[in-house]
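A.B. asks: Next comes structure_0.txt, compact mmCIF, N, CA and C atoms:
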```txt
# COMPACT_ATOMS: atom_id res chain seq x y z
N GLN X 208 0.84 -1.19 0.00
CA GLN X 208 0.00 0.00 0.00
C GLN X 208 0.88 1.24 0.00
N LEU X 209 0.64 2.11 -0.97
CA LEU X 209 1.44 3.32 -1.08
C LEU X 209 1.17 4.23 0.11
N GLN X 210 2.24 4.72 0.69
CA GLN X 210 2.11 5.59 1.85
C GLN X 210 3.16 6.69 1.77
N LEU X 211 2.73 7.91 2.06
CA LEU X 211 3.63 9.04 2.13
C LEU X 211 3.45 9.69 3.50
N VAL X 212 4.56 9.94 4.15
CA VAL X 212 4.50 10.54 5.48
C VAL X 212 5.44 11.72 5.52
N GLU X 213 4.87 12.89 5.76
CA GLU X 213 5.66 14.11 5.88
C GLU X 213 6.04 14.36 7.33
N SER X 214 7.15 15.01 7.52
CA SER X 214 7.57 15.42 8.85
C SER X 214 8.46 16.65 8.73
N GLY X 215 8.67 17.30 9.88
CA GLY X 215 9.60 18.43 9.90
C GLY X 215 8.96 19.80 9.97
N GLY X 216 7.65 19.85 9.92
CA GLY X 216 6.99 21.14 10.02
C GLY X 216 7.08 21.72 11.43
N GLY X 217 6.64 22.97 11.58
CA GLY X 217 6.66 23.58 12.89
C GLY X 217 6.52 25.07 12.81
N LEU X 218 6.81 25.72 13.93
CA LEU X 218 6.75 27.17 14.04
C LEU X 218 8.15 27.73 13.97
N VAL X 219 8.34 28.72 13.12
CA VAL X 219 9.66 29.31 12.96
C VAL X 219 9.50 30.81 12.77
N GLN X 220 10.48 31.57 13.20
CA GLN X 220 10.46 33.02 13.03
C GLN X 220 10.82 33.39 11.60
N PRO X 221 10.37 34.55 11.14
CA PRO X 221 10.79 35.02 9.81
C PRO X 221 12.30 35.03 9.68
N GLY X 222 12.75 34.56 8.54
CA GLY X 222 14.18 34.43 8.31
C GLY X 222 14.76 33.10 8.72
N GLY X 223 13.98 32.30 9.40
CA GLY X 223 14.45 31.00 9.86
C GLY X 223 14.38 29.92 8.81
N SER X 224 14.73 28.71 9.22
CA SER X 224 14.80 27.57 8.31
C SER X 224 14.08 26.36 8.89
N LEU X 225 13.60 25.54 7.99
CA LEU X 225 13.04 24.23 8.35
C LEU X 225 13.41 23.26 7.25
N ARG X 226 13.46 21.99 7.61
CA ARG X 226 13.69 20.94 6.63
C ARG X 226 12.55 19.94 6.70
N LEU X 227 11.79 19.86 5.64
CA LEU X 227 10.71 18.88 5.57
C LEU X 227 11.23 17.58 4.97
N SER X 228 10.68 16.48 5.46
CA SER X 228 11.02 15.17 4.93
C SER X 228 9.75 14.45 4.49
N CYS X 229 9.89 13.64 3.46
CA CYS X 229 8.78 12.83 2.98
C CYS X 229 9.29 11.41 2.77
N ALA X 230 8.72 10.48 3.52
CA ALA X 230 9.07 9.07 3.38
C ALA X 230 8.02 8.39 2.52
N VAL X 231 8.47 7.77 1.44
CA VAL X 231 7.57 7.12 0.49
C VAL X 231 7.78 5.61 0.56
N SER X 232 6.69 4.87 0.70
CA SER X 232 6.81 3.43 0.80
C SER X 232 5.63 2.75 0.12
N GLY X 233 5.82 1.46 -0.19
CA GLY X 233 4.70 0.66 -0.65
C GLY X 233 4.43 0.71 -2.13
N PHE X 234 5.41 1.13 -2.94
CA PHE X 234 5.18 1.09 -4.38
C PHE X 234 6.47 0.69 -5.07
N THR X 235 6.33 0.32 -6.33
CA THR X 235 7.48 -0.21 -7.06
C THR X 235 7.72 0.52 -8.37
N LEU X 236 7.27 1.73 -8.47
CA LEU X 236 7.54 2.49 -9.67
C LEU X 236 9.04 2.68 -9.84
N ASP X 237 9.52 2.47 -11.02
CA ASP X 237 10.93 2.71 -11.27
C ASP X 237 11.21 4.20 -11.44
N TYR X 238 10.30 4.83 -12.10
CA TYR X 238 10.49 6.26 -12.33
C TYR X 238 9.26 6.99 -11.83
N TYR X 239 9.51 7.93 -10.95
CA TYR X 239 8.41 8.68 -10.39
C TYR X 239 8.88 10.09 -10.10
N ALA X 240 7.95 10.92 -9.91
CA ALA X 240 8.23 12.29 -9.51
C ALA X 240 7.60 12.54 -8.15
N THR X 241 8.30 13.32 -7.37
CA THR X 241 7.78 13.70 -6.07
C THR X 241 7.65 15.22 -6.02
N GLY X 242 6.56 15.66 -5.50
CA GLY X 242 6.33 17.09 -5.43
C GLY X 242 6.00 17.54 -4.03
N TRP X 243 6.38 18.76 -3.75
CA TRP X 243 5.93 19.44 -2.54
C TRP X 243 4.93 20.52 -2.96
N PHE X 244 3.81 20.50 -2.30
CA PHE X 244 2.76 21.47 -2.55
C PHE X 244 2.37 22.08 -1.22
N ARG X 245 1.70 23.22 -1.28
CA ARG X 245 1.26 23.83 -0.03
C ARG X 245 -0.10 24.47 -0.21
N GLN X 246 -0.79 24.56 0.90
CA GLN X 246 -2.10 25.19 0.89
C GLN X 246 -2.26 26.05 2.13
N ALA X 247 -2.42 27.33 1.90
CA ALA X 247 -2.66 28.28 2.98
C ALA X 247 -4.16 28.43 3.21
N PRO X 248 -4.55 28.86 4.39
CA PRO X 248 -5.98 29.02 4.67
C PRO X 248 -6.66 29.94 3.67
N GLY X 249 -7.75 29.47 3.11
CA GLY X 249 -8.51 30.28 2.18
C GLY X 249 -7.94 30.35 0.78
N LYS X 250 -6.87 29.61 0.54
CA LYS X 250 -6.23 29.64 -0.78
C LYS X 250 -6.21 28.25 -1.39
N GLU X 251 -6.04 28.21 -2.70
CA GLU X 251 -5.93 26.94 -3.38
C GLU X 251 -4.54 26.34 -3.18
N ARG X 252 -4.49 25.04 -3.32
CA ARG X 252 -3.20 24.37 -3.23
C ARG X 252 -2.31 24.81 -4.40
N GLU X 253 -1.05 25.03 -4.09
CA GLU X 253 -0.11 25.47 -5.12
C GLU X 253 1.16 24.65 -5.07
N GLU X 254 1.81 24.57 -6.22
CA GLU X 254 3.06 23.83 -6.28
C GLU X 254 4.19 24.63 -5.63
N VAL X 255 5.09 23.92 -5.02
CA VAL X 255 6.28 24.52 -4.43
C VAL X 255 7.52 24.07 -5.19
N SER X 256 7.70 22.75 -5.27
CA SER X 256 8.89 22.22 -5.92
C SER X 256 8.65 20.75 -6.24
N CYS X 257 9.29 20.28 -7.31
CA CYS X 257 9.15 18.89 -7.70
C CYS X 257 10.51 18.34 -8.15
N ILE X 258 10.65 17.02 -8.06
CA ILE X 258 11.89 16.37 -8.45
C ILE X 258 11.58 15.00 -9.03
N LYS X 259 12.34 14.61 -10.06
CA LYS X 259 12.18 13.29 -10.64
C LYS X 259 13.18 12.33 -10.02
N SER X 260 12.78 11.08 -9.86
CA SER X 260 13.62 10.12 -9.14
C SER X 260 14.85 9.74 -9.94
N ASN X 261 14.73 9.60 -11.25
CA ASN X 261 15.83 9.01 -12.02
C ASN X 261 16.95 9.99 -12.29
N ASP X 262 16.63 11.19 -12.73
CA ASP X 262 17.68 12.12 -13.09
C ASP X 262 17.78 13.32 -12.15
N ALA X 263 16.91 13.34 -11.14
CA ALA X 263 16.92 14.41 -10.14
C ALA X 263 16.70 15.78 -10.74
N SER X 264 16.07 15.85 -11.90
CA SER X 264 15.72 17.16 -12.44
C SER X 264 14.69 17.80 -11.53
N THR X 265 14.75 19.11 -11.41
CA THR X 265 13.92 19.80 -10.43
C THR X 265 13.18 20.98 -11.04
N TYR X 266 12.18 21.41 -10.31
CA TYR X 266 11.43 22.61 -10.65
C TYR X 266 11.11 23.33 -9.35
N TYR X 267 11.15 24.65 -9.40
CA TYR X 267 10.79 25.48 -8.25
C TYR X 267 9.81 26.56 -8.69
N ALA X 268 8.82 26.79 -7.86
CA ALA X 268 7.96 27.93 -8.09
C ALA X 268 8.76 29.21 -7.90
N ASP X 269 8.40 30.24 -8.61
CA ASP X 269 9.14 31.51 -8.52
C ASP X 269 9.17 32.04 -7.09
N SER X 270 8.12 31.79 -6.35
CA SER X 270 8.02 32.34 -5.00
C SER X 270 9.03 31.73 -4.03
N VAL X 271 9.59 30.58 -4.37
CA VAL X 271 10.53 29.93 -3.45
C VAL X 271 11.92 29.76 -4.05
N LYS X 272 12.06 30.12 -5.30
CA LYS X 272 13.35 29.93 -5.99
C LYS X 272 14.44 30.69 -5.26
N GLY X 273 15.54 30.02 -5.02
CA GLY X 273 16.66 30.64 -4.32
C GLY X 273 16.59 30.51 -2.82
N ARG X 274 15.44 30.11 -2.30
CA ARG X 274 15.29 29.95 -0.85
C ARG X 274 15.07 28.48 -0.46
N PHE X 275 14.38 27.74 -1.30
CA PHE X 275 14.07 26.34 -1.01
C PHE X 275 14.92 25.44 -1.90
N THR X 276 15.25 24.27 -1.37
CA THR X 276 15.99 23.27 -2.13
C THR X 276 15.35 21.91 -1.93
N ILE X 277 15.01 21.26 -3.04
CA ILE X 277 14.46 19.91 -2.98
C ILE X 277 15.57 18.92 -3.28
N SER X 278 15.53 17.79 -2.59
CA SER X 278 16.52 16.75 -2.85
C SER X 278 15.88 15.40 -2.56
N ARG X 279 16.56 14.35 -3.03
CA ARG X 279 15.99 13.02 -2.79
C ARG X 279 17.09 12.02 -2.53
N ASP X 280 16.74 11.03 -1.75
CA ASP X 280 17.60 9.87 -1.55
C ASP X 280 16.88 8.72 -2.22
N TYR X 281 17.31 8.38 -3.43
CA TYR X 281 16.59 7.41 -4.25
C TYR X 281 16.52 6.05 -3.56
N ALA X 282 17.60 5.62 -2.96
CA ALA X 282 17.64 4.30 -2.33
C ALA X 282 16.71 4.23 -1.13
N LYS X 283 16.66 5.29 -0.37
CA LYS X 283 15.84 5.31 0.83
C LYS X 283 14.40 5.76 0.56
N LYS X 284 14.13 6.19 -0.67
CA LYS X 284 12.81 6.71 -1.02
C LYS X 284 12.41 7.84 -0.08
N MET X 285 13.32 8.75 0.10
CA MET X 285 13.07 9.93 0.91
C MET X 285 13.23 11.16 0.02
N VAL X 286 12.38 12.13 0.25
CA VAL X 286 12.49 13.41 -0.45
C VAL X 286 12.48 14.50 0.61
N TYR X 287 13.31 15.51 0.41
CA TYR X 287 13.48 16.56 1.39
C TYR X 287 13.18 17.92 0.77
N LEU X 288 12.77 18.83 1.61
CA LEU X 288 12.61 20.21 1.18
C LEU X 288 13.27 21.10 2.23
N GLN X 289 14.43 21.62 1.89
CA GLN X 289 15.13 22.55 2.78
C GLN X 289 14.58 23.94 2.50
N MET X 290 14.07 24.56 3.53
CA MET X 290 13.44 25.88 3.39
C MET X 290 14.22 26.89 4.21
N ASN X 291 14.80 27.84 3.53
CA ASN X 291 15.56 28.91 4.19
C ASN X 291 14.87 30.25 3.97
N SER X 292 15.28 31.22 4.77
CA SER X 292 14.73 32.58 4.65
C SER X 292 13.21 32.56 4.62
N LEU X 293 12.63 31.82 5.52
CA LEU X 293 11.18 31.69 5.54
C LEU X 293 10.51 33.00 5.87
N GLN X 294 9.37 33.21 5.25
CA GLN X 294 8.60 34.43 5.43
C GLN X 294 7.17 34.08 5.83
N PRO X 295 6.46 35.01 6.43
CA PRO X 295 5.08 34.71 6.84
C PRO X 295 4.21 34.17 5.70
N GLU X 296 4.46 34.61 4.49
CA GLU X 296 3.66 34.13 3.36
C GLU X 296 3.95 32.68 3.01
N ASP X 297 4.95 32.10 3.61
CA ASP X 297 5.22 30.67 3.42
C ASP X 297 4.37 29.81 4.35
N THR X 298 3.66 30.43 5.25
CA THR X 298 2.81 29.68 6.17
C THR X 298 1.74 28.91 5.41
N ALA X 299 1.69 27.62 5.65
CA ALA X 299 0.74 26.75 4.94
C ALA X 299 0.90 25.33 5.45
N VAL X 300 -0.02 24.48 5.04
CA VAL X 300 0.18 23.05 5.19
C VAL X 300 0.92 22.57 3.96
N TYR X 301 2.00 21.86 4.18
CA TYR X 301 2.83 21.37 3.09
C TYR X 301 2.57 19.88 2.88
N PHE X 302 2.33 19.54 1.63
CA PHE X 302 2.01 18.16 1.26
C PHE X 302 3.08 17.59 0.35
N CYS X 303 3.34 16.34 0.54
CA CYS X 303 4.21 15.58 -0.34
C CYS X 303 3.31 14.72 -1.24
N ALA X 304 3.68 14.59 -2.49
CA ALA X 304 2.88 13.81 -3.43
C ALA X 304 3.79 13.08 -4.40
N VAL X 305 3.31 11.97 -4.89
CA VAL X 305 4.07 11.12 -5.82
C VAL X 305 3.22 10.81 -7.04
N GLY X 306 3.87 10.78 -8.19
CA GLY X 306 3.17 10.40 -9.41
C GLY X 306 4.10 9.76 -10.41
N ARG X 307 3.54 8.96 -11.27
CA ARG X 307 4.33 8.35 -12.35
C ARG X 307 4.84 9.45 -13.26
N VAL X 308 6.07 9.30 -13.73
CA VAL X 308 6.63 10.32 -14.62
C VAL X 308 5.83 10.38 -15.92
N LEU X 309 5.32 11.55 -16.21
CA LEU X 309 4.51 11.76 -17.42
C LEU X 309 5.24 12.61 -18.45
N GLY X 310 6.29 13.29 -18.01
CA GLY X 310 7.00 14.19 -18.91
C GLY X 310 7.98 15.01 -18.10
N PRO X 311 8.38 16.17 -18.61
CA PRO X 311 9.31 17.02 -17.86
C PRO X 311 8.76 17.38 -16.49
N VAL X 312 9.66 17.48 -15.53
CA VAL X 312 9.21 17.70 -14.16
C VAL X 312 8.46 19.03 -14.02
N GLN X 313 8.88 20.05 -14.76
CA GLN X 313 8.18 21.32 -14.67
C GLN X 313 6.74 21.18 -15.15
N ALA X 314 6.56 20.49 -16.25
CA ALA X 314 5.21 20.31 -16.79
C ALA X 314 4.31 19.60 -15.80
N MET X 315 4.87 18.63 -15.12
CA MET X 315 4.09 17.89 -14.12
C MET X 315 3.75 18.79 -12.94
N CYS X 316 4.72 19.56 -12.53
CA CYS X 316 4.58 20.32 -11.28
C CYS X 316 3.56 21.43 -11.40
N VAL X 317 3.47 22.06 -12.57
CA VAL X 317 2.64 23.25 -12.69
C VAL X 317 1.20 22.95 -13.04
N LEU X 318 0.88 21.71 -13.33
CA LEU X 318 -0.53 21.42 -13.60
C LEU X 318 -1.36 21.82 -12.38
N PRO X 319 -2.51 22.43 -12.62
CA PRO X 319 -3.32 22.95 -11.51
C PRO X 319 -3.65 21.90 -10.46
N ASN X 320 -3.57 22.31 -9.22
CA ASN X 320 -3.98 21.48 -8.10
C ASN X 320 -3.21 20.16 -8.01
N GLY X 321 -2.02 20.14 -8.59
CA GLY X 321 -1.19 18.94 -8.50
C GLY X 321 -1.79 17.72 -9.16
N ARG X 322 -2.55 17.92 -10.23
CA ARG X 322 -3.28 16.81 -10.82
C ARG X 322 -2.39 15.74 -11.45
N ALA X 323 -1.11 16.03 -11.67
CA ALA X 323 -0.21 15.00 -12.21
C ALA X 323 0.23 14.01 -11.14
N PHE X 324 -0.09 14.29 -9.89
CA PHE X 324 0.36 13.46 -8.79
C PHE X 324 -0.83 12.72 -8.21
N THR X 325 -0.68 11.42 -8.05
CA THR X 325 -1.82 10.58 -7.73
C THR X 325 -1.90 10.14 -6.28
N SER X 326 -0.80 10.25 -5.56
CA SER X 326 -0.79 9.82 -4.17
C SER X 326 -0.27 10.96 -3.30
N TRP X 327 -0.93 11.17 -2.17
CA TRP X 327 -0.64 12.33 -1.34
C TRP X 327 -0.51 11.95 0.13
N GLY X 328 0.37 12.69 0.80
CA GLY X 328 0.45 12.56 2.24
C GLY X 328 -0.59 13.42 2.92
N ARG X 329 -0.59 13.38 4.23
CA ARG X 329 -1.59 14.13 5.00
C ARG X 329 -1.16 15.57 5.25
N GLY X 330 0.08 15.87 5.05
CA GLY X 330 0.55 17.23 5.21
C GLY X 330 1.20 17.50 6.55
N THR X 331 2.01 18.55 6.57
CA THR X 331 2.65 19.01 7.79
C THR X 331 2.55 20.53 7.83
N GLN X 332 2.21 21.06 8.99
CA GLN X 332 1.98 22.49 9.12
C GLN X 332 3.30 23.23 9.27
N VAL X 333 3.44 24.29 8.48
CA VAL X 333 4.57 25.21 8.62
C VAL X 333 3.99 26.59 8.93
N THR X 334 4.41 27.15 10.04
CA THR X 334 3.94 28.47 10.45
C THR X 334 5.15 29.38 10.64
N VAL X 335 5.14 30.48 9.94
CA VAL X 335 6.23 31.45 10.04
C VAL X 335 5.66 32.71 10.68
N SER X 336 6.10 32.96 11.89
CA SER X 336 5.55 34.08 12.65
C SER X 336 6.51 34.51 13.73
N SER X 337 6.50 35.80 14.02
CA SER X 337 7.33 36.31 15.11
C SER X 337 6.53 36.35 16.41
```
Do you think you could lay out the structure here as structure tokens?
C.D. replies:
Amino acid sequence: QLQLVESGGGLVQPGGSLRLSCAVSGFTLDYYATGWFRQAPGKEREEVSCIKSNDASTYYADSVKGRFTISRDYAKKMVYLQMNSLQPEDTAVYFCAVGRVLGPVQAMCVLPNGRAFTSWGRGTQVTVSS
């Protein structure tokens, strides 16, 4: 049974850092993409960053480019999101999602509401506040 479990969320002051982790288990896809998405109260879910398992190609939303870094440990089926210089507008529930590779990672990541990704975790809360 496919399972995704996020961890690492919490409360941090503006300018601080957090590292989110996503443990993926229970599937045998050779090639997959993992995405981080977020949803703030009253807003639609939006893409943050995505990475492909085989070549580690990545995509970042403009709002996080230069501040967030996605990485993966292919053998351990772990995906990470290092978040630096956090700002109050980064406050949201962050979700990890997995999907079969359908094409370039950017094309997958930007589809509305993460529709290229078929399996989702429950999310982890990130709150940036002083």
A.B. asks: With only C-alpha atoms as the atoms that count, which of X:Ser337, X:Thr241, X:Gln332, X:Asn261 lies nearest to X:Met315?
C.D. replies: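 Ranked by minimum distance to X:Met315, first place goes to X:Thr241.
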A.B. asks: Specify the axis-aligned box that encloses all atoms of stretch 238-253 of chain X listed in the file after padding of 3 Å on each side, stating its centre and edge lengths in Å to one decimal as JSON.
C.D. replies:
```
{"center_x": 1.0, "center_y": 17.6, "center_z": -3.8, "size_x": 25.0, "size_y": 31.5, "size_z": 23.0}
```
A.B. asks: Show me, as JSON, numbers by chain, the residues that have an atom within 6.5 Å of X:Gly216 when counting all atoms listed in the file, minus same-chain residues fewer than 3 positions from it.
C.D. replies: {"X": [213, 226, 227, 228, 331, 332, 333, 334]}
A.B. asks: How would you write, as a PyMOL selection string, the set of residues in stretch 214-335 of chain X that DSSP gives as helix (DSSP H, G or I)?
C.D. replies: chain X and resi 295-297+312-317+319-321
A.B. asks: Smallest atom-to-atom distance to X:Lys272: which of X:Cys303, X:Val255, X:Val212, X:Met285, using only N, CA and C atoms?
C.D. replies: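 Between X:Cys303, X:Val255, X:Val212, X:Met285, the residue approaching X:Lys272 most closely is X:Val255.
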A.B. asks: Tell me which residues come within 6 Å of (6.9, 5.1, 2.7), as a list of chain:residue names, counting all atoms listed in the file in the file's coordinates.
C.D. replies: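 Neighbouring residues, ordered by chain and number, come to X:Gln210, X:Leu211, X:Val212, X:Ala230, X:Val231, X:Ser232, X:Gly233.
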A.B. asks: Between X:Ser260, X:Tyr266, X:Gln208, X:Pro248, which has the minimum distance to X:Thr298 (counting all atoms listed in the file)?
C.D. replies: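 With all atoms listed in the file as the atom set, the closest residue is X:Pro248.
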A.B. asks: What parts of chain X does DSSP call strand (DSSP E)? I'd like the answer as a PyMOL selection string.
C.D. replies: chain X and resi 210-214+217-219+225-232+239-246+253-259+265-267+275-280+285-290+299-307+326-327+331-335
A.B. asks: Quick one, how far is atom N of X:Gly330 from atom N of X:Ser292?
C.D. replies: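 Those two atoms sit 21.6 Å apart.
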A.B. asks: For X:Gly321, which residue out of X:Arg279, X:Lys284, X:Arg252, X:Lys259 is the nearest one, using all atoms listed in the file?
C.D. replies: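 Closest residue, counting all atoms listed in the file: X:Arg252.
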